[in-house]
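Peer 1: I have a structure I would like to understand better, so I am pasting it below and will then ask my questions one at a time.
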Amino acid sequence: MHILSNTVNIGDKIEIKQLDQKGDPIKSAKTYVSQVLDFVGDENISIATPIKGGMVVILNKGENYRLCFYTMKGLYQCNCTMIQTYRENNMIVALVSVISKLEKLQRRQYYRLECVHEIEYRRISEEEMKLEEKLVKKLFENPEDKSDIRKKLAKLNQDWLRGTITDLSGGGCRFTSEQELKQGDKVRIRLEFLIKNELKKLVLNSDIIVSQKIINRLGFYEHRAEFSHISESDREDLIKYIFEQERKVRRNEKK
């Protein structure tokens, strides 16, 4: 069994950074995106040769690189040595040899996809959060009280605004809209996308981390949101969608 196969899967996204002679990442070196293609023997893996600006980036034979794997179990990293580059099924493949143990990075980090994706969103008020808490904790006196809470929530749920996501990850997103928001605002985002032709509809609660005017777009604001209390299944669907879209971008760059 390959030393990485218990954690890393074929198709997982990778970030690649060249190392110096001491084994530290070269700060001036560019970070490239790739993915795992196959496990070769016990210690070698084949990866897709990175593409930058529509051009294939050939990794230097004999040089050492750090690989960061975006897996379903989290973010992991190890070091490797570049062995050779070859062509397989109209794809240029890099064969690398793993030279260090696989380590889990403790920080929460997700691959970010630059995109243009239309969404609907709305700000969640203190009143709405209190009403939802009453329903969840069953803090109502009788069925009439429960019905009244549901009616109020249904009315609040009608006020959706349009926005556009400009980058998306399993942990949050950046989006633009014509509404000014504030740091700390609670926002609910309604997002639809396809995974292998299956429509997914997610409603995600989020916290606004940064919100600011867009200098060259009068009347528009850019917001950075962090998803809160997101279920593992929803996060998994998001990550699958992001990787599927990134693969499409890579395929189009090769044409």
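Identifiers in this document derive from the order of the structure tokens: chains are assigned A, B, ..., residues are numbered from 1 separately in each chain, and ligands are numbered from 1 in order of occurrence.
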Excluding segment 94-107 of chain A and residues on its chain fewer than 4 positions from it, collect all residues at most 12 Å away from it, counting only C-alpha atoms, and give them as a PyMOL selection string.
Peer 2: chain A and resi 2-8+16+23+34-50+56-71+73-88+171
Peer 1: Store the residues picked out above in a file with C-alpha atoms, as a short mmCIF file (atom, residue, chain, number, x, y, z; two decimals), in the first residue's frame.
Peer 2:
```
data_model
loop_
_atom_site.label_atom_id
_atom_site.label_comp_id
_atom_site.auth_asym_id
_atom_site.auth_seq_id
_atom_site.Cartn_x
_atom_site.Cartn_y
_atom_site.Cartn_z
CA HIS A 2 1.25 3.49 -0.86
CA ILE A 3 2.35 5.61 2.12
CA LEU A 4 -0.21 8.33 1.26
CA SER A 5 -3.21 6.23 0.18
CA ASN A 6 -4.92 6.14 3.59
CA THR A 7 -5.33 9.93 3.49
CA VAL A 8 -4.84 11.19 -0.05
CA ILE A 16 3.19 22.98 -5.21
CA GLY A 23 14.19 22.29 2.77
CA SER A 34 -2.10 20.47 -9.62
CA GLN A 35 -3.87 17.24 -8.70
CA VAL A 36 -3.04 13.63 -7.85
CA LEU A 37 -3.26 11.32 -10.86
CA ASP A 38 -2.02 7.98 -9.51
CA PHE A 39 0.05 6.17 -6.88
CA VAL A 40 3.18 4.57 -8.35
CA GLY A 41 4.89 1.94 -6.25
CA ASP A 42 5.19 2.59 -2.52
CA GLU A 43 6.64 6.10 -2.51
CA ASN A 44 6.08 7.72 -5.92
CA ILE A 45 3.02 9.59 -7.18
CA SER A 46 2.14 10.97 -10.58
CA ILE A 47 0.63 14.45 -10.66
CA ALA A 48 -0.73 16.66 -13.39
CA THR A 49 1.90 19.08 -14.63
CA PRO A 50 0.83 22.57 -13.46
CA VAL A 56 2.54 24.10 -19.05
CA VAL A 57 5.00 24.56 -16.16
CA ILE A 58 7.74 21.92 -16.22
CA LEU A 59 9.03 21.14 -12.74
CA ASN A 60 12.84 20.95 -12.47
CA LYS A 61 14.20 17.39 -12.40
CA GLY A 62 16.05 16.63 -9.16
CA GLU A 63 14.62 19.67 -7.33
CA ASN A 64 12.62 19.35 -4.13
CA TYR A 65 9.07 20.66 -3.73
CA ARG A 66 6.47 20.88 -0.99
CA LEU A 67 3.08 19.41 -1.82
CA CYS A 68 -0.02 20.57 0.06
CA PHE A 69 -2.95 18.18 -0.43
CA TYR A 70 -6.55 19.37 -0.07
CA THR A 71 -8.27 16.17 1.08
CA LYS A 73 -9.90 14.83 5.85
CA GLY A 74 -8.28 18.27 5.83
CA LEU A 75 -5.08 19.86 4.61
CA TYR A 76 -1.89 17.75 4.59
CA GLN A 77 1.64 18.35 3.35
CA CYS A 78 4.83 16.49 2.52
CA ASN A 79 8.04 17.08 0.57
CA CYS A 80 9.00 15.38 -2.66
CA THR A 81 11.71 15.17 -5.29
CA MET A 82 10.93 15.66 -8.96
CA ILE A 83 11.95 12.51 -10.91
CA GLN A 84 10.75 12.92 -14.49
CA THR A 85 8.16 14.37 -16.84
CA TYR A 86 6.41 12.29 -19.49
CA ARG A 87 3.34 12.31 -21.71
CA GLU A 88 0.42 9.99 -21.02
CA GLY A 171 -14.95 27.83 4.42
#
```
Peer 1: Any idea what the distance is between atom CA of Ile51 of chain A and atom CA of Gly170 of chain A?
Peer 2: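 These two atoms are separated by 23.0 Å.
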Peer 1: So that each row is one residue of segment 62-155 of chain A with an atom at most 12 Å from segment 232-247 of chain A, can you give its shortest atom pair and the distance in Å to one decimal, using only C-alpha atoms, rows by chain and rising number, as CSV?
Peer 2:
```
residue,atom,partner,partner_atom,distance
A:Tyr70,CA,A:Ile239,CA,9.5
A:Thr71,CA,A:Ile239,CA,9.5
A:Met72,CA,A:Glu236,CA,7.4
A:Lys73,CA,A:Glu236,CA,10.3
A:Gly74,CA,A:Glu236,CA,11.1
A:Gln109,CA,A:Ile239,CA,11.7
A:Tyr110,CA,A:Ile239,CA,8.3
A:Tyr111,CA,A:Ile242,CA,8.1
A:Arg112,CA,A:Ile242,CA,7.8
A:Leu113,CA,A:Ile242,CA,6.2
A:Glu114,CA,A:Glu246,CA,9.0
A:Cys115,CA,A:Gln245,CA,9.0
A:Val116,CA,A:Gln245,CA,11.4
A:His117,CA,A:Gln245,CA,11.6
```
Peer 1: Have a look at atom CA of Arg224 of chain A and atom CA of Arg188 of chain A and let me know their distance in Å, one decimal.
Peer 2: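 Taking atom CA of Arg224 of chain A and atom CA of Arg188 of chain A, their separation equals 13.1 Å.
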Peer 1: Would you give me, as a VMD selection string, the residues in segment 3-135 of chain A that DSSP reads as strand (DSSP E or B)?
Peer 2: chain A and resid 13 to 19 25 32 to 40 44 to 48 51 to 52 55 to 56 64 to 71 74 to 88 91 to 98 103 to 104 113 to 123
Peer 1: Return the single residue from A:Lys134, A:Lys182, A:Arg217, A:Arg123 that is closest to Asp159 of chain A, with distances computed using only C-alpha atoms.
Peer 2: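 The shortest atom-to-atom distance to Asp159 of chain A comes from A:Arg123.
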Peer 1: Just want the 10 Å neighbourhood of Gly219 of chain A, counted on only C-alpha atoms, with same-chain residues fewer than 3 positions away dropped. Output as a short mmCIF file (atom, residue, chain, number, x, y, z; two decimals) with C-alpha atoms, in the first residue's frame.
Peer 2:
```
data_model
loop_
_atom_site.label_atom_id
_atom_site.label_comp_id
_atom_site.auth_asym_id
_atom_site.auth_seq_id
_atom_site.Cartn_x
_atom_site.Cartn_y
_atom_site.Cartn_z
CA SER A 177 -23.83 43.42 -4.12
CA GLU A 178 -25.49 46.84 -4.09
CA GLN A 179 -26.22 46.61 -0.36
CA GLU A 180 -23.84 47.96 2.25
CA LYS A 213 -16.99 49.90 -1.30
CA ILE A 214 -15.70 48.84 -4.72
CA ILE A 215 -13.70 51.81 -5.97
CA ASN A 216 -14.29 51.33 -9.71
#
```
Peer 1: Looking at only C-alpha atoms, which of A:Lys22, A:Lys52, A:Lys186, A:Lys248 is the one that sits closest to Asn205 of chain A?
Peer 2: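 Checking each of A:Lys22, A:Lys52, A:Lys186, A:Lys248 against Asn205 of chain A, counting only C-alpha atoms, the winner is A:Lys186.
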